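Engineer: Input file: query-v3.csv. Contents: CSV, C-alpha atoms.
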```
chain,number,residue,atom,x,y,z
R,1,MET,CA,91.7,152.9,122.9
R,2,ALA,CA,92.0,155.9,120.6
R,3,GLN,CA,90.3,156.1,117.3
R,4,LEU,CA,92.9,157.3,114.8
R,5,LEU,CA,92.8,158.6,111.2
R,6,LEU,CA,96.0,157.9,109.2
R,7,VAL,CA,96.4,160.1,106.1
R,8,GLU,CA,99.2,158.5,104.1
R,9,ASP,CA,99.5,157.8,100.3
R,10,ASP,CA,102.3,155.2,100.5
R,11,ALA,CA,100.4,151.9,100.5
R,12,ALA,CA,103.2,149.9,102.2
R,13,VAL,CA,103.7,152.5,105.0
R,14,ARG,CA,99.9,152.9,105.5
R,15,SER,CA,99.4,149.2,105.7
R,16,ALA,CA,102.3,148.7,108.1
R,17,LEU,CA,101.3,151.5,110.4
R,18,MET,CA,97.6,150.5,110.5
R,19,ARG,CA,98.5,147.0,111.4
R,20,ALA,CA,101.0,148.0,114.1
R,21,LEU,CA,98.7,150.6,115.7
R,22,SER,CA,95.8,148.2,115.6
R,23,GLU,CA,97.9,145.7,117.5
R,24,ARG,CA,98.5,148.3,120.1
R,25,GLY,CA,94.8,148.6,120.7
R,26,HIS,CA,93.9,151.6,118.6
R,27,GLY,CA,91.0,151.8,116.1
R,28,VAL,CA,92.5,153.0,112.8
R,29,THR,CA,90.9,154.3,109.6
R,30,SER,CA,92.9,155.7,106.6
R,31,ALA,CA,92.8,158.0,103.7
R,32,MET,CA,95.2,158.2,100.7
R,33,THR,CA,94.6,161.9,99.8
R,34,GLY,CA,94.4,165.2,101.6
R,35,MET,CA,90.9,166.0,100.7
R,36,ALA,CA,89.6,162.5,101.7
R,37,GLY,CA,91.5,162.9,105.0
R,38,LEU,CA,89.8,166.3,105.6
R,39,ARG,CA,86.4,164.9,104.9
R,40,MET,CA,87.0,161.9,107.3
R,41,ALA,CA,88.5,164.1,110.0
R,42,VAL,CA,85.4,166.4,110.0
R,43,ASP,CA,82.7,163.7,109.4
R,44,ASP,CA,84.1,160.8,111.6
R,45,ARG,CA,85.7,163.0,114.3
R,46,PRO,CA,88.6,160.7,115.2
R,47,ASP,CA,90.5,161.2,118.5
R,48,LEU,CA,93.7,162.0,116.6
R,49,VAL,CA,95.0,162.4,113.0
R,50,VAL,CA,98.4,161.2,111.8
R,51,LEU,CA,99.2,163.2,108.6
R,52,ASP,CA,101.9,162.8,105.9
R,53,LEU,CA,102.8,166.1,104.2
R,54,GLY,CA,103.7,164.7,100.7
R,55,LEU,CA,100.2,163.8,99.5
R,56,PRO,CA,99.2,163.4,95.8
R,57,ASP,CA,96.4,166.0,95.6
R,58,ILE,CA,97.2,168.7,98.1
R,59,ASP,CA,100.2,169.5,100.3
R,60,GLY,CA,99.8,168.4,103.9
R,61,TYR,CA,100.5,172.0,105.1
R,62,GLU,CA,97.4,173.2,103.3
R,63,VAL,CA,95.4,170.2,104.9
R,64,ILE,CA,96.4,171.5,108.3
R,65,ARG,CA,95.4,175.0,107.6
R,66,MET,CA,92.0,173.9,106.3
R,67,LEU,CA,91.5,171.4,109.1
R,68,ARG,CA,92.3,174.0,111.8
R,69,ALA,CA,89.7,176.3,110.4
R,70,VAL,CA,87.0,173.8,111.3
R,71,SER,CA,88.4,171.4,113.9
R,72,ALA,CA,90.7,171.2,116.9
R,73,VAL,CA,91.3,167.5,116.5
R,74,PRO,CA,94.8,166.5,117.8
R,75,LEU,CA,97.2,166.1,114.9
R,76,ILE,CA,100.7,164.6,114.5
R,77,VAL,CA,102.6,165.2,111.3
R,78,ALA,CA,104.6,162.1,110.1
R,79,THR,CA,106.8,163.0,107.1
R,80,ALA,CA,110.2,162.7,105.5
R,81,ARG,CA,110.7,166.5,105.6
R,82,ASP,CA,113.3,167.4,108.2
R,83,ASP,CA,114.0,171.1,107.5
R,84,GLU,CA,113.8,173.1,110.7
R,85,ARG,CA,111.9,176.0,109.1
R,86,GLU,CA,109.3,173.5,107.7
R,87,ILE,CA,108.9,172.0,111.1
R,88,ALA,CA,108.3,175.4,112.7
R,89,ARG,CA,105.9,176.4,109.9
R,90,VAL,CA,103.8,173.2,110.3
R,91,LEU,CA,103.7,173.5,114.1
R,92,ASP,CA,102.7,177.2,113.7
R,93,ALA,CA,99.8,176.1,111.5
R,94,GLY,CA,98.4,174.0,114.3
R,95,ALA,CA,100.1,170.6,114.4
R,96,ASP,CA,100.5,169.2,117.9
R,97,ASP,CA,103.7,167.1,117.1
R,98,TYR,CA,106.1,166.4,114.3
R,99,MET,CA,107.9,163.1,113.5
R,100,VAL,CA,110.5,162.6,110.8
R,101,LYS,CA,110.5,159.4,108.8
R,102,PRO,CA,111.7,156.7,109.2
R,103,PHE,CA,110.4,155.9,112.6
R,104,GLY,CA,109.0,152.8,114.4
R,105,ALA,CA,105.4,152.1,115.3
R,106,VAL,CA,106.5,152.0,119.0
R,107,GLN,CA,107.7,155.6,118.8
R,108,LEU,CA,104.6,156.8,117.0
R,109,ASP,CA,102.3,155.0,119.5
R,110,ALA,CA,104.3,156.8,122.4
R,111,ARG,CA,103.8,160.2,120.7
R,112,ILE,CA,100.1,159.5,120.2
R,113,ARG,CA,99.6,158.7,123.8
R,114,ALA,CA,101.7,161.7,124.9
R,115,VAL,CA,99.7,164.1,122.8
R,116,LEU,CA,96.4,162.7,124.0
R,117,ARG,CA,97.5,162.8,127.7
R,118,ARG,CA,98.8,166.4,127.3
R,119,LEU,CA,95.6,167.6,125.7
R,120,GLN,CA,93.4,165.8,128.2
R,121,SER,CA,95.4,167.4,131.0
R,122,GLU,CA,95.1,170.8,129.4
R,123,ASP,CA,91.3,170.3,129.0
R,124,GLY,CA,91.0,169.5,132.6
R,125,ASP,CA,93.1,172.4,133.8
R,126,ALA,CA,92.1,175.0,131.3
R,127,ALA,CA,88.4,175.2,131.5
R,128,ARG,CA,88.7,178.5,133.3
R,129,PRO,CA,89.9,181.7,131.5
R,130,TYR,CA,93.1,183.4,132.6
R,131,THR,CA,93.0,187.1,133.3
R,132,VAL,CA,96.1,189.3,133.5
R,133,GLY,CA,95.3,193.0,133.8
R,134,GLU,CA,92.9,193.8,130.9
R,135,LEU,CA,94.0,190.7,129.0
R,136,ARG,CA,91.7,187.7,129.1
R,137,VAL,CA,92.7,184.3,127.6
R,138,ASP,CA,89.9,181.7,127.2
R,139,PRO,CA,91.5,178.3,126.4
R,140,ARG,CA,88.2,176.6,125.8
R,141,ALA,CA,87.0,179.1,123.1
R,142,ARG,CA,90.7,179.8,122.1
R,143,GLU,CA,89.9,183.5,122.3
R,144,VAL,CA,91.9,186.4,123.6
R,145,THR,CA,90.5,189.8,124.4
R,146,LEU,CA,92.3,193.0,125.5
R,147,ALA,CA,90.1,195.5,127.2
R,148,GLY,CA,87.1,193.7,125.7
R,149,ARG,CA,88.5,193.7,122.1
R,150,VAL,CA,89.0,190.3,120.5
R,151,LEU,CA,92.6,189.8,119.2
R,152,ASP,CA,93.2,188.0,115.9
R,153,LEU,CA,95.9,185.5,116.8
R,154,ARG,CA,97.6,182.7,114.8
R,155,PRO,CA,97.4,179.2,116.4
R,156,LYS,CA,100.9,179.3,117.9
R,157,GLU,CA,100.5,182.9,119.0
R,158,PHE,CA,97.5,181.8,121.0
R,159,ASP,CA,99.4,178.8,122.4
R,160,LEU,CA,102.3,180.9,123.4
R,161,LEU,CA,100.2,183.5,125.1
R,162,HIS,CA,98.1,180.8,126.8
R,163,TYR,CA,101.3,179.2,128.2
R,164,LEU,CA,102.5,182.5,129.6
R,165,ALA,CA,99.1,183.5,130.9
R,166,ALA,CA,98.9,180.3,132.9
R,167,ARG,CA,102.1,181.4,134.6
R,168,PRO,CA,101.7,185.1,135.4
R,169,ASP,CA,104.8,186.8,136.8
R,170,GLN,CA,106.8,183.6,136.3
R,171,VAL,CA,110.0,183.8,134.1
R,172,VAL,CA,109.9,181.2,131.3
R,173,THR,CA,112.9,180.3,129.3
R,174,LYS,CA,112.9,180.2,125.5
R,175,ARG,CA,114.0,176.6,125.7
R,176,GLU,CA,110.9,175.8,127.8
R,177,LEU,CA,108.7,177.5,125.3
R,178,MET,CA,110.3,175.5,122.4
R,179,THR,CA,109.7,172.3,124.4
R,180,GLU,CA,106.2,173.0,125.7
R,181,VAL,CA,104.6,175.2,123.0
R,182,TRP,CA,106.4,174.0,119.8
R,183,ARG,CA,107.0,170.4,121.1
R,184,MET,CA,110.6,170.6,119.9
R,185,PRO,CA,112.7,169.6,123.0
R,186,TYR,CA,115.8,168.7,121.0
R,187,GLY,CA,115.9,171.4,118.4
R,188,GLY,CA,114.6,174.6,117.1
R,189,ALA,CA,116.0,178.2,117.3
R,190,ASP,CA,115.4,181.0,119.7
R,191,LYS,CA,114.5,183.1,116.6
R,192,THR,CA,111.2,181.2,116.4
R,193,VAL,CA,110.2,182.3,119.8
R,194,ASP,CA,111.5,185.8,119.3
R,195,VAL,CA,109.4,186.2,116.1
R,196,HIS,CA,106.2,185.1,117.8
R,197,LEU,CA,106.9,187.3,120.8
R,198,SER,CA,107.3,190.2,118.4
R,199,TRP,CA,104.0,189.4,116.7
R,200,LEU,CA,102.3,189.1,120.0
R,201,ARG,CA,103.7,192.4,121.3
R,202,ASN,CA,102.5,194.1,118.2
R,203,LYS,CA,98.9,192.8,118.7
R,204,LEU,CA,99.0,193.7,122.3
R,205,GLY,CA,100.0,197.3,121.3
R,206,GLU,CA,103.5,197.2,122.7
R,207,SER,CA,107.1,196.6,121.7
R,208,ALA,CA,110.3,195.2,123.1
R,209,GLN,CA,111.5,198.8,123.7
R,210,ASP,CA,108.2,199.8,125.3
R,211,PRO,CA,106.8,196.6,127.0
R,212,ARG,CA,103.6,196.4,128.9
R,213,TYR,CA,102.4,192.7,129.3
R,214,ILE,CA,105.4,190.8,127.9
R,215,ARG,CA,108.6,191.6,129.8
R,216,ALA,CA,112.0,190.2,128.9
R,217,VAL,CA,114.4,189.1,131.7
R,218,ARG,CA,117.8,189.5,130.2
R,219,GLY,CA,119.7,186.2,129.8
R,220,VAL,CA,116.8,184.2,131.3
R,221,GLY,CA,113.5,184.5,129.3
R,222,VAL,CA,110.2,186.3,129.4
R,223,LYS,CA,107.2,186.7,131.7
R,224,LEU,CA,103.7,187.9,131.4
R,225,VAL,CA,102.7,190.6,133.9
R,226,ASP,CA,99.9,193.0,134.8
R,227,PRO,CA,101.1,196.4,133.6
R,228,GLY,CA,98.8,198.1,136.2
R,229,ALA,CA,100.1,196.1,139.2
```
Will you turn the file into structure tokens for me?
Structural biologist:
Amino acid sequence: MAQLLLVEDDAAVRSALMRALSERGHGVTSAMTGMAGLRMAVDDRPDLVVLDLGLPDIDGYEVIRMLRAVSAVPLIVATARDDEREIARVLDAGADDYMVKPFGAVQLDARIRAVLRRLQSEDGDAARPYTVGELRVDPRAREVTLAGRVLDLRPKEFDLLHYLAARPDQVVTKRELMTEVWRMPYGGADKTVDVHLSWLRNKLGESAQDPRYIRAVRGVGVKLVDPGA
């Protein structure tokens, strides 16, 4: 049984989801505002947060940014907003999954269990840091160093580099990255991946024209390599 925190201001939606998730064996608490949800997420330490974006006091995107500054709690956004750019922005800010209303409790429960399984699996596999050349990716600390210097990465920049570092010298397609890193198996644009790869290259001191660690394989995808190998 997972202990869930539902941050939702619509009383009817909140009541229906709490009842349905409780019937599926979860413990559920709720908050009607973003600030109350933040306090409960930090103080009560739930296993997962389900967050609406359209809250009365503060936009859910800001809630995610503030929450991610202090907590790595798994988080699913459940909202009526279906704009692709908004979805990418929210996932970049640190959400683990994104659901567009309306949806059923069965689907939400499946997404909750999938996120928790994935993160538990990652915790088990990712205790050890990955080293590729002078690049070191520490999943537990969510820290990346290059030649001993800590790099300042956005959440999704770290997730992208972590995914590549766990598969050194392996070509990964952009579709795979959208599915596994952005959790968008049925949508999303290659431009999202391209922009984040460009940001990463800049922070690694390289470019697409003069690559070192991140190498493009034309028509296939990208791979992370040891430039000194």
Engineer: Could you give me, as a ChimeraX atom specification, the residues within 6 Å of stretch 73-84 of chain R, counting all atoms listed in the file and dropping anything in the same chain fewer than 3 positions from it?
Structural biologist: /R:48-53,87,95-101
Engineer: How close does each residue of stretch 109-190 of chain R get to stretch 1-6 of chain R, giving the shortest atom pair and distance in Å to one decimal for every residue with an atom at most 12 Å away, counting all atoms listed in the file, sorted by chain and residue number, as JSON lines?
Structural biologist:
```
{"residue": "R:Asp109", "atom": "CA", "partner": "R:Ala2", "partner_atom": "CA", "distance": 10.4}
{"residue": "R:Ile112", "atom": "CA", "partner": "R:Ala2", "partner_atom": "CA", "distance": 8.9}
{"residue": "R:Arg113", "atom": "CA", "partner": "R:Ala2", "partner_atom": "CA", "distance": 8.7}
{"residue": "R:Val115", "atom": "CA", "partner": "R:Ala2", "partner_atom": "CA", "distance": 11.5}
{"residue": "R:Leu116", "atom": "CA", "partner": "R:Ala2", "partner_atom": "CA", "distance": 8.8}
{"residue": "R:Arg117", "atom": "CA", "partner": "R:Ala2", "partner_atom": "CA", "distance": 11.3}
```
Engineer: Those selected residues, please, written with C-alpha atoms and delivered as a short mmCIF file (atom, residue, chain, number, x, y, z; two decimals), in the frame of the given file.
Structural biologist:
```
data_model
loop_
_atom_site.label_atom_id
_atom_site.label_comp_id
_atom_site.auth_asym_id
_atom_site.auth_seq_id
_atom_site.Cartn_x
_atom_site.Cartn_y
_atom_site.Cartn_z
CA ASP R 109 102.30 155.00 119.50
CA ILE R 112 100.10 159.50 120.20
CA ARG R 113 99.60 158.70 123.80
CA VAL R 115 99.70 164.10 122.80
CA LEU R 116 96.40 162.70 124.00
CA ARG R 117 97.50 162.80 127.70
#
```
Engineer: Atom CA of R:Ala16 to atom CA of R:Gly54: how many Å, to one decimal?
Structural biologist: 17.7 Å
Engineer: Suppose you want the space between atom CA of R:Ala147 and atom CA of R:Leu135; what is it in Å?
Structural biologist: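 Taking atom CA of R:Ala147 and atom CA of R:Leu135, their separation equals 6.4 Å.
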Engineer: Could you give me, as a list of chain:residue names, the residues that sit within 9 Å of (105.8, 187.7, 131.9) in the file's coordinates, counting only C-alpha atoms?
Structural biologist: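 Collected hits near the coordinates: R:Leu164, R:Ala165, R:Arg167, R:Pro168, R:Asp169, R:Gln170, R:Val171, R:Val172, R:Tyr213, R:Ile214, R:Arg215, R:Ala216, R:Val217, R:Gly221, R:Val222, R:Lys223, R:Leu224, R:Val225, R:Asp226.
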Engineer: Could you list, as an mmCIF file with C-alpha atoms, in the coordinates of the input, every residue within 12 Å of R:Val181, counting only C-alpha atoms and ignoring same-chain residues fewer than 6 positions away?
Structural biologist:
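Saved the output as out.cif:
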```cif
data_model
loop_
_atom_site.group_PDB
_atom_site.id
_atom_site.type_symbol
_atom_site.label_atom_id
_atom_site.label_comp_id
_atom_site.auth_asym_id
_atom_site.auth_seq_id
_atom_site.Cartn_x
_atom_site.Cartn_y
_atom_site.Cartn_z
ATOM 1 C CA ALA R 88 108.300 175.400 112.700
ATOM 2 C CA LEU R 91 103.700 173.500 114.100
ATOM 3 C CA ASP R 92 102.700 177.200 113.700
ATOM 4 C CA GLY R 94 98.400 174.000 114.300
ATOM 5 C CA ALA R 95 100.100 170.600 114.400
ATOM 6 C CA ASP R 96 100.500 169.200 117.900
ATOM 7 C CA ASP R 97 103.700 167.100 117.100
ATOM 8 C CA ARG R 118 98.800 166.400 127.300
ATOM 9 C CA PRO R 155 97.400 179.200 116.400
ATOM 10 C CA LYS R 156 100.900 179.300 117.900
ATOM 11 C CA GLU R 157 100.500 182.900 119.000
ATOM 12 C CA PHE R 158 97.500 181.800 121.000
ATOM 13 C CA ASP R 159 99.400 178.800 122.400
ATOM 14 C CA LEU R 160 102.300 180.900 123.400
ATOM 15 C CA LEU R 161 100.200 183.500 125.100
ATOM 16 C CA HIS R 162 98.100 180.800 126.800
ATOM 17 C CA TYR R 163 101.300 179.200 128.200
ATOM 18 C CA LEU R 164 102.500 182.500 129.600
ATOM 19 C CA VAL R 172 109.900 181.200 131.300
ATOM 20 C CA THR R 173 112.900 180.300 129.300
ATOM 21 C CA LYS R 174 112.900 180.200 125.500
ATOM 22 C CA ARG R 175 114.000 176.600 125.700
ATOM 23 C CA GLY R 188 114.600 174.600 117.100
ATOM 24 C CA THR R 192 111.200 181.200 116.400
ATOM 25 C CA VAL R 193 110.200 182.300 119.800
ATOM 26 C CA HIS R 196 106.200 185.100 117.800
#
```
Engineer: Considering only C-alpha atoms, can you say which of R:Trp182, R:Leu119, R:Asp152, R:Ala141 comes closest to R:Asn202?
Structural biologist: R:Asp152
Engineer: Show me as a short mmCIF file (atom, residue, chain, number, x, y, z; two decimals) with C-alpha atoms, in the frame of the given file the residues that reach within 9 Å of (99.9, 152.0, 116.3), counting only C-alpha atoms and using the file's own coordinates.
Structural biologist:
```
data_model
loop_
_atom_site.label_atom_id
_atom_site.label_comp_id
_atom_site.auth_asym_id
_atom_site.auth_seq_id
_atom_site.Cartn_x
_atom_site.Cartn_y
_atom_site.Cartn_z
CA LEU R 4 92.90 157.30 114.80
CA LEU R 17 101.30 151.50 110.40
CA MET R 18 97.60 150.50 110.50
CA ARG R 19 98.50 147.00 111.40
CA ALA R 20 101.00 148.00 114.10
CA LEU R 21 98.70 150.60 115.70
CA SER R 22 95.80 148.20 115.60
CA GLU R 23 97.90 145.70 117.50
CA ARG R 24 98.50 148.30 120.10
CA GLY R 25 94.80 148.60 120.70
CA HIS R 26 93.90 151.60 118.60
CA GLY R 27 91.00 151.80 116.10
CA VAL R 28 92.50 153.00 112.80
CA ALA R 105 105.40 152.10 115.30
CA VAL R 106 106.50 152.00 119.00
CA GLN R 107 107.70 155.60 118.80
CA LEU R 108 104.60 156.80 117.00
CA ASP R 109 102.30 155.00 119.50
CA ALA R 110 104.30 156.80 122.40
CA ILE R 112 100.10 159.50 120.20
#
```
Engineer: Please compute the atom CA of R:Pro227-atom CA of R:Gly133 distance, one decimal, in Å.
Structural biologist: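 Atom CA of R:Gly133 lies 6.7 Å from atom CA of R:Pro227.
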Engineer: From the list R:Arg128, R:Glu134, R:Ala36, R:Pro102, which residue is nearest R:Val13 when using all atoms listed in the file?
Structural biologist: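 The answer is R:Pro102, which sits nearest to R:Val13.
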Engineer: Measuring between all atoms listed in the file, which one of R:Ala208, R:Leu200, R:Val90, R:Ala72 shows the shortest distance to R:Arg142?
Structural biologist: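 Looking only at the distances to R:Arg142, the closest residue turns out to be R:Ala72.
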Engineer: Nearest to R:Ala93: which of R:Ala114, R:Val220, R:Met32, R:Leu153 is it, counting only C-alpha atoms?
Structural biologist: R:Leu153
Engineer: Return the single residue from R:Pro46, R:Gly37, R:Gly219, R:Pro129 that is closest to R:Leu67, with distances computed using all atoms listed in the file.
Structural biologist: R:Gly37
Engineer: Of the candidates R:Val7, R:Arg65, R:Glu143, R:Met178, which shows the shortest atom-to-atom distance to R:Lys191, using all atoms listed in the file?
Structural biologist: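 Nearest to R:Lys191: R:Met178.
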